[in-house]
Structures are given as structure tokens and as C-alpha cells.
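Student: The structure file upload_21.txt (compact mmCIF, N, CA and C atoms) is provided below.
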```
# COMPACT_ATOMS: atom_id res chain seq x y z
N MET A 1 0.84 -1.19 0.00
CA MET A 1 0.00 0.00 0.00
C MET A 1 0.89 1.25 0.00
N GLU A 2 0.53 2.23 -0.82
CA GLU A 2 1.29 3.45 -0.95
C GLU A 2 1.02 4.38 0.23
N VAL A 3 2.08 5.00 0.75
CA VAL A 3 1.96 5.94 1.85
C VAL A 3 1.48 7.28 1.29
N GLN A 4 0.42 7.81 1.87
CA GLN A 4 -0.08 9.11 1.41
C GLN A 4 0.58 10.21 2.24
N ILE A 5 1.30 11.08 1.56
CA ILE A 5 2.04 12.17 2.21
C ILE A 5 1.14 13.40 2.30
N LEU A 6 1.09 13.98 3.49
CA LEU A 6 0.32 15.23 3.69
C LEU A 6 1.23 16.44 3.50
N THR A 7 2.40 16.39 4.11
CA THR A 7 3.43 17.41 3.94
C THR A 7 4.78 16.69 4.02
N GLU A 8 5.85 17.41 3.90
CA GLU A 8 7.18 16.80 3.86
C GLU A 8 7.43 15.82 5.02
N HIS A 9 7.01 16.17 6.22
CA HIS A 9 7.32 15.34 7.40
C HIS A 9 6.14 14.59 8.00
N PHE A 10 4.98 14.64 7.36
CA PHE A 10 3.80 13.98 7.93
C PHE A 10 3.04 13.17 6.89
N SER A 11 2.64 11.97 7.29
CA SER A 11 1.85 11.09 6.41
C SER A 11 0.45 10.91 7.00
N LEU A 12 -0.48 10.53 6.14
CA LEU A 12 -1.85 10.29 6.57
C LEU A 12 -1.91 9.19 7.63
N GLU A 13 -1.09 8.17 7.49
CA GLU A 13 -1.09 7.04 8.41
C GLU A 13 -0.85 7.48 9.86
N GLU A 14 -0.03 8.50 10.05
CA GLU A 14 0.24 8.99 11.41
C GLU A 14 -1.02 9.51 12.09
N PHE A 15 -1.96 10.00 11.30
CA PHE A 15 -3.18 10.61 11.84
C PHE A 15 -4.34 9.63 11.94
N THR A 16 -4.23 8.47 11.30
CA THR A 16 -5.35 7.53 11.30
C THR A 16 -5.07 6.26 12.11
N ARG A 17 -3.81 5.99 12.42
CA ARG A 17 -3.52 4.76 13.17
C ARG A 17 -4.06 4.88 14.59
N SER A 18 -4.57 3.76 15.06
CA SER A 18 -5.16 3.74 16.40
C SER A 18 -5.20 2.30 16.89
N SER A 19 -4.54 2.04 18.01
CA SER A 19 -4.58 0.69 18.57
C SER A 19 -6.01 0.35 19.02
N THR A 20 -6.75 1.34 19.50
CA THR A 20 -8.15 1.11 19.90
C THR A 20 -8.98 0.69 18.69
N ALA A 21 -8.79 1.37 17.56
CA ALA A 21 -9.53 1.02 16.34
C ALA A 21 -9.17 -0.40 15.91
N LEU A 22 -7.89 -0.75 15.92
CA LEU A 22 -7.46 -2.09 15.53
C LEU A 22 -8.06 -3.16 16.44
N GLN A 23 -7.96 -2.93 17.74
CA GLN A 23 -8.47 -3.91 18.71
C GLN A 23 -9.98 -4.05 18.63
N SER A 24 -10.67 -2.99 18.25
CA SER A 24 -12.13 -3.00 18.21
C SER A 24 -12.71 -3.25 16.83
N GLY A 25 -11.84 -3.41 15.84
CA GLY A 25 -12.30 -3.65 14.48
C GLY A 25 -13.00 -2.45 13.85
N ILE A 26 -12.56 -1.25 14.23
CA ILE A 26 -13.15 -0.01 13.72
C ILE A 26 -12.36 0.47 12.50
N CYS A 27 -13.06 0.75 11.42
CA CYS A 27 -12.42 1.31 10.22
C CYS A 27 -12.32 2.82 10.42
N ASN A 28 -11.10 3.32 10.50
CA ASN A 28 -10.86 4.74 10.77
C ASN A 28 -10.35 5.43 9.50
N GLU A 29 -11.05 5.23 8.40
CA GLU A 29 -10.64 5.78 7.11
C GLU A 29 -11.30 7.13 6.87
N PRO A 30 -10.49 8.17 6.61
CA PRO A 30 -11.05 9.52 6.43
C PRO A 30 -11.56 9.78 5.02
N SER A 31 -12.46 10.75 4.92
CA SER A 31 -12.96 11.22 3.62
C SER A 31 -11.93 12.16 2.99
N ILE A 32 -12.18 12.53 1.75
CA ILE A 32 -11.31 13.49 1.05
C ILE A 32 -11.30 14.83 1.80
N GLU A 33 -12.46 15.26 2.29
CA GLU A 33 -12.53 16.52 3.03
C GLU A 33 -11.70 16.46 4.30
N VAL A 34 -11.77 15.36 5.02
CA VAL A 34 -10.97 15.19 6.24
C VAL A 34 -9.48 15.22 5.90
N ILE A 35 -9.10 14.57 4.82
CA ILE A 35 -7.68 14.58 4.40
C ILE A 35 -7.23 16.01 4.10
N SER A 36 -8.07 16.80 3.46
CA SER A 36 -7.75 18.21 3.18
C SER A 36 -7.58 18.98 4.49
N ASN A 37 -8.43 18.70 5.46
CA ASN A 37 -8.31 19.36 6.77
C ASN A 37 -7.01 18.97 7.47
N LEU A 38 -6.64 17.69 7.39
CA LEU A 38 -5.39 17.24 8.00
C LEU A 38 -4.19 17.90 7.33
N GLN A 39 -4.27 18.02 6.01
CA GLN A 39 -3.20 18.68 5.26
C GLN A 39 -3.06 20.14 5.72
N ASN A 40 -4.17 20.80 5.91
CA ASN A 40 -4.16 22.18 6.39
C ASN A 40 -3.53 22.27 7.78
N LEU A 41 -3.90 21.37 8.67
CA LEU A 41 -3.33 21.35 10.02
C LEU A 41 -1.82 21.19 9.95
N CYS A 42 -1.37 20.30 9.09
CA CYS A 42 0.07 20.10 8.92
C CYS A 42 0.75 21.37 8.39
N GLN A 43 0.17 21.96 7.35
CA GLN A 43 0.77 23.13 6.72
C GLN A 43 0.81 24.34 7.65
N GLU A 44 -0.26 24.55 8.41
CA GLU A 44 -0.37 25.75 9.24
C GLU A 44 0.33 25.66 10.59
N VAL A 45 0.41 24.44 11.15
CA VAL A 45 0.94 24.31 12.51
C VAL A 45 2.08 23.29 12.62
N LEU A 46 1.82 22.06 12.22
CA LEU A 46 2.76 20.98 12.50
C LEU A 46 4.06 21.05 11.70
N GLU A 47 3.96 21.32 10.42
CA GLU A 47 5.18 21.41 9.60
C GLU A 47 6.05 22.59 10.04
N PRO A 48 5.49 23.80 10.26
CA PRO A 48 6.34 24.89 10.76
C PRO A 48 7.01 24.55 12.10
N LEU A 49 6.27 23.90 12.99
CA LEU A 49 6.84 23.50 14.29
C LEU A 49 7.97 22.49 14.08
N ARG A 50 7.75 21.52 13.23
CA ARG A 50 8.77 20.50 12.94
C ARG A 50 10.01 21.12 12.32
N LEU A 51 9.82 22.02 11.38
CA LEU A 51 10.97 22.67 10.73
C LEU A 51 11.75 23.53 11.71
N HIS A 52 11.06 24.23 12.59
CA HIS A 52 11.74 25.07 13.57
C HIS A 52 12.59 24.26 14.54
N TYR A 53 12.04 23.18 15.08
CA TYR A 53 12.75 22.40 16.09
C TYR A 53 13.67 21.34 15.49
N GLY A 54 13.45 20.98 14.23
CA GLY A 54 14.34 20.04 13.56
C GLY A 54 14.29 18.62 14.09
N LYS A 55 13.22 18.28 14.79
CA LYS A 55 13.08 16.93 15.35
C LYS A 55 11.69 16.40 15.02
N PRO A 56 11.56 15.07 14.91
CA PRO A 56 10.23 14.50 14.63
C PRO A 56 9.20 14.88 15.69
N ILE A 57 7.97 15.02 15.23
CA ILE A 57 6.83 15.27 16.11
C ILE A 57 5.92 14.05 15.95
N HIS A 58 5.54 13.45 17.06
CA HIS A 58 4.74 12.23 17.02
C HIS A 58 3.30 12.52 17.42
N ILE A 59 2.39 11.98 16.62
CA ILE A 59 0.95 12.16 16.83
C ILE A 59 0.43 11.01 17.69
N SER A 60 -0.20 11.33 18.82
CA SER A 60 -0.79 10.25 19.64
C SER A 60 -2.25 10.03 19.25
N SER A 61 -2.91 11.07 18.76
CA SER A 61 -4.29 10.95 18.32
C SER A 61 -4.54 12.01 17.25
N GLY A 62 -4.96 11.56 16.09
CA GLY A 62 -5.26 12.49 15.00
C GLY A 62 -6.72 12.38 14.62
N TYR A 63 -6.97 11.92 13.40
CA TYR A 63 -8.35 11.76 12.95
C TYR A 63 -9.02 10.62 13.71
N ARG A 64 -10.30 10.84 14.07
CA ARG A 64 -11.12 9.79 14.68
C ARG A 64 -12.48 9.77 14.00
N CYS A 65 -12.89 8.62 13.48
CA CYS A 65 -14.26 8.48 12.98
C CYS A 65 -15.19 8.53 14.19
N LYS A 66 -16.50 8.67 13.94
CA LYS A 66 -17.47 8.78 15.04
C LYS A 66 -17.37 7.61 16.02
N GLU A 67 -17.29 6.41 15.48
CA GLU A 67 -17.25 5.22 16.34
C GLU A 67 -16.00 5.22 17.22
N LEU A 68 -14.87 5.55 16.65
CA LEU A 68 -13.62 5.58 17.41
C LEU A 68 -13.66 6.71 18.44
N ASN A 69 -14.14 7.87 18.04
CA ASN A 69 -14.23 9.00 18.97
C ASN A 69 -15.07 8.63 20.19
N LYS A 70 -16.18 7.97 19.95
CA LYS A 70 -17.04 7.55 21.06
C LYS A 70 -16.33 6.53 21.94
N LYS A 71 -15.64 5.59 21.31
CA LYS A 71 -14.93 4.52 22.04
C LYS A 71 -13.84 5.08 22.96
N VAL A 72 -13.16 6.13 22.53
CA VAL A 72 -12.08 6.70 23.35
C VAL A 72 -12.57 7.80 24.30
N GLY A 73 -13.87 8.08 24.28
CA GLY A 73 -14.43 9.08 25.20
C GLY A 73 -14.29 10.51 24.73
N GLY A 74 -14.13 10.70 23.41
CA GLY A 74 -14.03 12.05 22.86
C GLY A 74 -15.37 12.76 22.91
N VAL A 75 -15.33 14.08 22.96
CA VAL A 75 -16.57 14.85 22.99
C VAL A 75 -17.26 14.75 21.62
N PRO A 76 -18.59 14.81 21.58
CA PRO A 76 -19.32 14.64 20.31
C PRO A 76 -18.98 15.64 19.21
N ASN A 77 -18.52 16.83 19.57
CA ASN A 77 -18.18 17.84 18.56
C ASN A 77 -16.66 18.01 18.41
N SER A 78 -15.91 16.97 18.73
CA SER A 78 -14.45 17.02 18.67
C SER A 78 -13.94 17.39 17.28
N GLN A 79 -12.93 18.24 17.23
CA GLN A 79 -12.31 18.59 15.95
C GLN A 79 -11.55 17.41 15.36
N HIS A 80 -11.26 16.41 16.16
CA HIS A 80 -10.62 15.19 15.66
C HIS A 80 -11.53 14.51 14.62
N LEU A 81 -12.84 14.64 14.77
CA LEU A 81 -13.80 14.04 13.84
C LEU A 81 -13.69 14.63 12.44
N LYS A 82 -13.26 15.87 12.36
CA LYS A 82 -13.16 16.58 11.08
C LYS A 82 -11.75 16.58 10.51
N GLY A 83 -10.79 16.03 11.26
CA GLY A 83 -9.40 16.09 10.81
C GLY A 83 -8.77 17.45 11.04
N GLU A 84 -9.34 18.20 11.96
CA GLU A 84 -8.82 19.55 12.26
C GLU A 84 -7.92 19.58 13.48
N ALA A 85 -7.74 18.43 14.16
CA ALA A 85 -6.99 18.43 15.41
C ALA A 85 -6.06 17.23 15.52
N ALA A 86 -5.01 17.41 16.32
CA ALA A 86 -4.09 16.32 16.64
C ALA A 86 -3.58 16.53 18.06
N ASP A 87 -3.34 15.43 18.74
CA ASP A 87 -2.68 15.45 20.04
C ASP A 87 -1.26 15.00 19.83
N LEU A 88 -0.30 15.77 20.36
CA LEU A 88 1.11 15.51 20.14
C LEU A 88 1.74 14.90 21.37
N LEU A 89 2.53 13.84 21.17
CA LEU A 89 3.29 13.25 22.26
C LEU A 89 4.38 14.24 22.66
N LEU A 90 4.61 14.38 23.94
CA LEU A 90 5.62 15.31 24.42
C LEU A 90 6.79 14.55 25.04
N PRO A 91 8.00 14.82 24.59
CA PRO A 91 9.16 14.17 25.21
C PRO A 91 9.34 14.60 26.67
N SER A 92 8.85 15.82 26.98
CA SER A 92 8.93 16.34 28.35
C SER A 92 7.93 17.49 28.50
N LEU A 93 7.63 17.83 29.73
CA LEU A 93 6.75 18.98 29.97
C LEU A 93 7.41 20.26 29.46
N LEU A 94 8.71 20.38 29.64
CA LEU A 94 9.44 21.56 29.16
C LEU A 94 9.28 21.71 27.65
N THR A 95 9.40 20.61 26.91
CA THR A 95 9.20 20.65 25.46
C THR A 95 7.78 21.08 25.14
N GLY A 96 6.81 20.57 25.88
CA GLY A 96 5.42 20.96 25.67
C GLY A 96 5.21 22.45 25.83
N LYS A 97 5.82 23.02 26.85
CA LYS A 97 5.70 24.46 27.08
C LYS A 97 6.39 25.25 25.97
N GLU A 98 7.53 24.76 25.50
CA GLU A 98 8.24 25.43 24.39
C GLU A 98 7.39 25.41 23.12
N TRP A 99 6.83 24.24 22.79
CA TRP A 99 6.01 24.12 21.59
C TRP A 99 4.77 24.99 21.72
N PHE A 100 4.14 24.99 22.88
CA PHE A 100 2.95 25.81 23.17
C PHE A 100 3.26 27.29 22.88
N ASP A 101 4.35 27.78 23.45
CA ASP A 101 4.75 29.18 23.26
C ASP A 101 5.07 29.48 21.80
N TRP A 102 5.80 28.56 21.15
CA TRP A 102 6.21 28.80 19.77
C TRP A 102 4.99 28.89 18.86
N ILE A 103 4.05 27.98 19.01
CA ILE A 103 2.84 28.01 18.17
C ILE A 103 2.09 29.32 18.35
N GLN A 104 1.93 29.75 19.60
CA GLN A 104 1.22 31.02 19.85
C GLN A 104 1.86 32.20 19.14
N HIS A 105 3.19 32.23 19.13
CA HIS A 105 3.90 33.40 18.61
C HIS A 105 4.28 33.31 17.13
N HIS A 106 4.20 32.12 16.53
CA HIS A 106 4.68 31.98 15.16
C HIS A 106 3.67 31.39 14.18
N CYS A 107 2.60 30.84 14.66
CA CYS A 107 1.59 30.27 13.76
C CYS A 107 0.37 31.18 13.78
N ARG A 108 0.09 31.79 12.66
CA ARG A 108 -1.03 32.74 12.61
C ARG A 108 -2.38 32.04 12.51
N ASN A 109 -2.41 30.89 11.85
CA ASN A 109 -3.69 30.27 11.53
C ASN A 109 -3.95 28.98 12.31
N TYR A 110 -3.87 29.07 13.65
CA TYR A 110 -4.25 27.93 14.47
C TYR A 110 -5.57 28.25 15.16
N ASP A 111 -6.32 27.22 15.50
CA ASP A 111 -7.58 27.40 16.20
C ASP A 111 -7.37 27.26 17.71
N GLN A 112 -6.78 26.14 18.11
CA GLN A 112 -6.52 25.91 19.52
C GLN A 112 -5.13 25.33 19.73
N CYS A 113 -4.54 25.68 20.85
CA CYS A 113 -3.29 25.10 21.31
C CYS A 113 -3.49 24.91 22.82
N ILE A 114 -3.61 23.66 23.23
CA ILE A 114 -3.94 23.39 24.63
C ILE A 114 -2.93 22.39 25.20
N LEU A 115 -2.22 22.81 26.22
CA LEU A 115 -1.32 21.90 26.94
C LEU A 115 -2.18 21.19 27.98
N GLU A 116 -2.30 19.86 27.84
CA GLU A 116 -3.22 19.11 28.69
C GLU A 116 -2.49 18.07 29.53
N ARG A 117 -3.12 17.74 30.67
CA ARG A 117 -2.63 16.66 31.53
C ARG A 117 -3.83 15.93 32.10
N ASN A 118 -3.76 14.62 32.12
CA ASN A 118 -4.85 13.86 32.73
C ASN A 118 -4.52 13.54 34.20
N ARG A 119 -5.42 12.87 34.86
CA ARG A 119 -5.25 12.57 36.29
C ARG A 119 -4.07 11.64 36.57
N GLN A 120 -3.66 10.89 35.56
CA GLN A 120 -2.52 9.98 35.72
C GLN A 120 -1.18 10.71 35.54
N GLY A 121 -1.23 12.00 35.22
CA GLY A 121 -0.01 12.79 35.06
C GLY A 121 0.58 12.75 33.66
N TYR A 122 -0.17 12.27 32.68
CA TYR A 122 0.29 12.21 31.30
C TYR A 122 -0.01 13.54 30.61
N TYR A 123 1.02 14.14 29.99
CA TYR A 123 0.87 15.42 29.29
C TYR A 123 0.85 15.21 27.78
N TRP A 124 0.11 16.08 27.07
CA TRP A 124 0.13 16.13 25.62
C TRP A 124 -0.25 17.54 25.18
N LEU A 125 0.01 17.84 23.92
CA LEU A 125 -0.35 19.14 23.36
C LEU A 125 -1.40 18.91 22.29
N HIS A 126 -2.57 19.49 22.50
CA HIS A 126 -3.66 19.43 21.52
C HIS A 126 -3.54 20.67 20.64
N VAL A 127 -3.48 20.45 19.33
CA VAL A 127 -3.43 21.57 18.38
C VAL A 127 -4.52 21.38 17.34
N SER A 128 -5.09 22.49 16.88
CA SER A 128 -6.10 22.40 15.83
C SER A 128 -6.01 23.62 14.92
N ALA A 129 -6.53 23.42 13.71
CA ALA A 129 -6.58 24.51 12.73
C ALA A 129 -7.74 24.21 11.78
N ARG A 130 -8.43 25.27 11.40
CA ARG A 130 -9.55 25.15 10.45
C ARG A 130 -9.12 25.73 9.11
N ARG A 131 -9.64 25.15 8.04
CA ARG A 131 -9.32 25.68 6.70
C ARG A 131 -9.93 27.05 6.49
N GLU A 132 -11.09 27.31 7.09
CA GLU A 132 -11.71 28.64 6.99
C GLU A 132 -10.95 29.54 7.97
N LEU A 133 -9.95 30.23 7.47
CA LEU A 133 -9.02 30.97 8.32
C LEU A 133 -9.71 31.93 9.27
N HIS A 134 -10.79 32.56 8.84
CA HIS A 134 -11.49 33.53 9.70
C HIS A 134 -12.18 32.84 10.88
N MET A 135 -12.28 31.50 10.85
CA MET A 135 -12.92 30.76 11.93
C MET A 135 -11.94 30.35 13.04
N ASN A 136 -10.65 30.50 12.79
CA ASN A 136 -9.65 30.13 13.78
C ASN A 136 -9.67 31.11 14.95
N ARG A 137 -9.86 30.57 16.15
CA ARG A 137 -10.03 31.40 17.35
C ARG A 137 -8.73 31.80 18.03
N ARG A 138 -7.63 31.14 17.69
CA ARG A 138 -6.33 31.40 18.33
C ARG A 138 -6.43 31.31 19.84
N GLN A 139 -7.05 30.23 20.31
CA GLN A 139 -7.16 30.00 21.76
C GLN A 139 -5.92 29.21 22.21
N ALA A 140 -5.34 29.65 23.30
CA ALA A 140 -4.18 28.94 23.86
C ALA A 140 -4.31 28.96 25.38
N PHE A 141 -4.30 27.78 25.97
CA PHE A 141 -4.39 27.70 27.43
C PHE A 141 -3.94 26.33 27.92
N TYR A 142 -3.73 26.26 29.24
CA TYR A 142 -3.39 25.00 29.89
C TYR A 142 -4.67 24.39 30.43
N LYS A 143 -4.80 23.07 30.29
CA LYS A 143 -5.96 22.34 30.81
C LYS A 143 -5.40 21.16 31.59
N ILE A 144 -5.18 21.38 32.86
CA ILE A 144 -4.51 20.39 33.68
C ILE A 144 -5.45 19.92 34.78
N LYS A 145 -5.78 18.61 34.73
CA LYS A 145 -6.71 18.01 35.70
C LYS A 145 -5.99 17.60 36.96
```
In C-alpha cells, what does this structure look like?

Tutor:
Amino acid sequence: MEVQILTEHFSLEEFTRSSTALQSGICNEPSIEVISNLQNLCQEVLEPLRLHYGKPIHISSGYRCKELNKKVGGVPNSQHLKGEAADLLLPSLLTGKEWFDWIQHHCRNYDQCILERNRQGYYWLHVSARRELHMNRRQAFYKIK
């Protein structure tokens, strides 16, 4: 199977792979519109971040079909459903804070940048971008449980 490239450093597979989907037999295949949204997210936020830091960025959660989103406890209106959002694995909390700050100051067309932590102490960076540039809210905050 041919790898579909979204941008120089990101492939579609990175945004659709899910151990939960595999274990549950869920088909997490995106539509053409979702792929366009993922490409936009890469172009506006992820690729500039990757180029600036010069190191790979790993996606822990990208696109989720409705069934997968429900299975993982995602909110019903999640931007992951549209291919507008990704959660990034963080090598450290310090890296998360650096990426958070960099996106705020250097990416004009992002919708949300949220540094998150769950009750188990696991951190990730949620980033999103919409193709309709005027709809991007440029929200940035910490969400630590």
C-alpha cells in the first residue's frame, strides 16, 4: 500500500492509526474533506513546528471516525472528527511548554493550542486549525486536571 504524504514530514497514516480502532475492528478511514483538513493542520501548525525544532513530532491521536471517537471518550463535537486536530506526544513537559509558546507566537492560523494533563499525570499538546481561516479562534491555554 502506498503511503499518502500530507506534507514533507507527515503522512496520513500517522493521523489515522489507532490501537483502539485495531483492537475494536473499527475502520478509521477519512474522507477526502478530512484529508484536506489534516493537510491544512500540517501546513499551518505541524510542519512549521517540525521545521523550527528540527526533530520529529509524534501524533498520539489524529483523525477519529465517530465510532472511534465515542470509544475513546471524545466529545461529540471534537475537531478530531473533522481532521482539524491532533494530540502531540511530548518528550517532556518543558518541550510541551516550548512548543505551546512557539505556536502562539509563530503560527497565525491555528484554532486551539492546549497543553493538557490527565489525572494519571500524562501530558500532551492538543493543536487544531480550520481551513476557513477567519474561523480560527487562536485559543491557547493549559488544561490540567

Student: Find, counting only N, CA and C atoms, the residue in A:Gln139, A:Ser18, A:Thr7, A:Ser61 that gets nearest to Asp87 (chain A).

Tutor: A:Ser61

Student: Give me, please, the distance in Å between atom N of His52 (chain A) and atom N of Ala140 (chain A), quoted to one decimal.

Tutor: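 Between atom N of His52 (chain A) and atom N of Ala140 (chain A) the gap is 20.3 Å.
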
Student: Which one of A:Asn28, A:Gln120, A:Ser36, A:Asn136 sits closest to Arg108 (chain A) if you count only C-alpha atoms?

Tutor: A:Asn136

Student: Could you give me the residues within region 20-117 of chain A that DSSP places in helix (DSSP H, G or I), as a ChimeraX atom specification?

Tutor: /A:20-24,32-53,66-71,79-82,93-106

Student: Of the residues A:Lys143, A:Leu22, A:Ser78, A:Cys107, which is the one nearest to Pro48 (chain A), using all atoms listed in the file?

Tutor: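 Once distances to Pro48 (chain A) are computed over all atoms listed in the file, the minimum belongs to A:Cys107.
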
Student: Could you jot down the atom C of Thr95 (chain A) to atom C of Val72 (chain A) separation for me, Å, one decimal place?

Tutor: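 So the two atoms, atom C of Thr95 (chain A) and atom C of Val72 (chain A), lie 24.3 Å apart.
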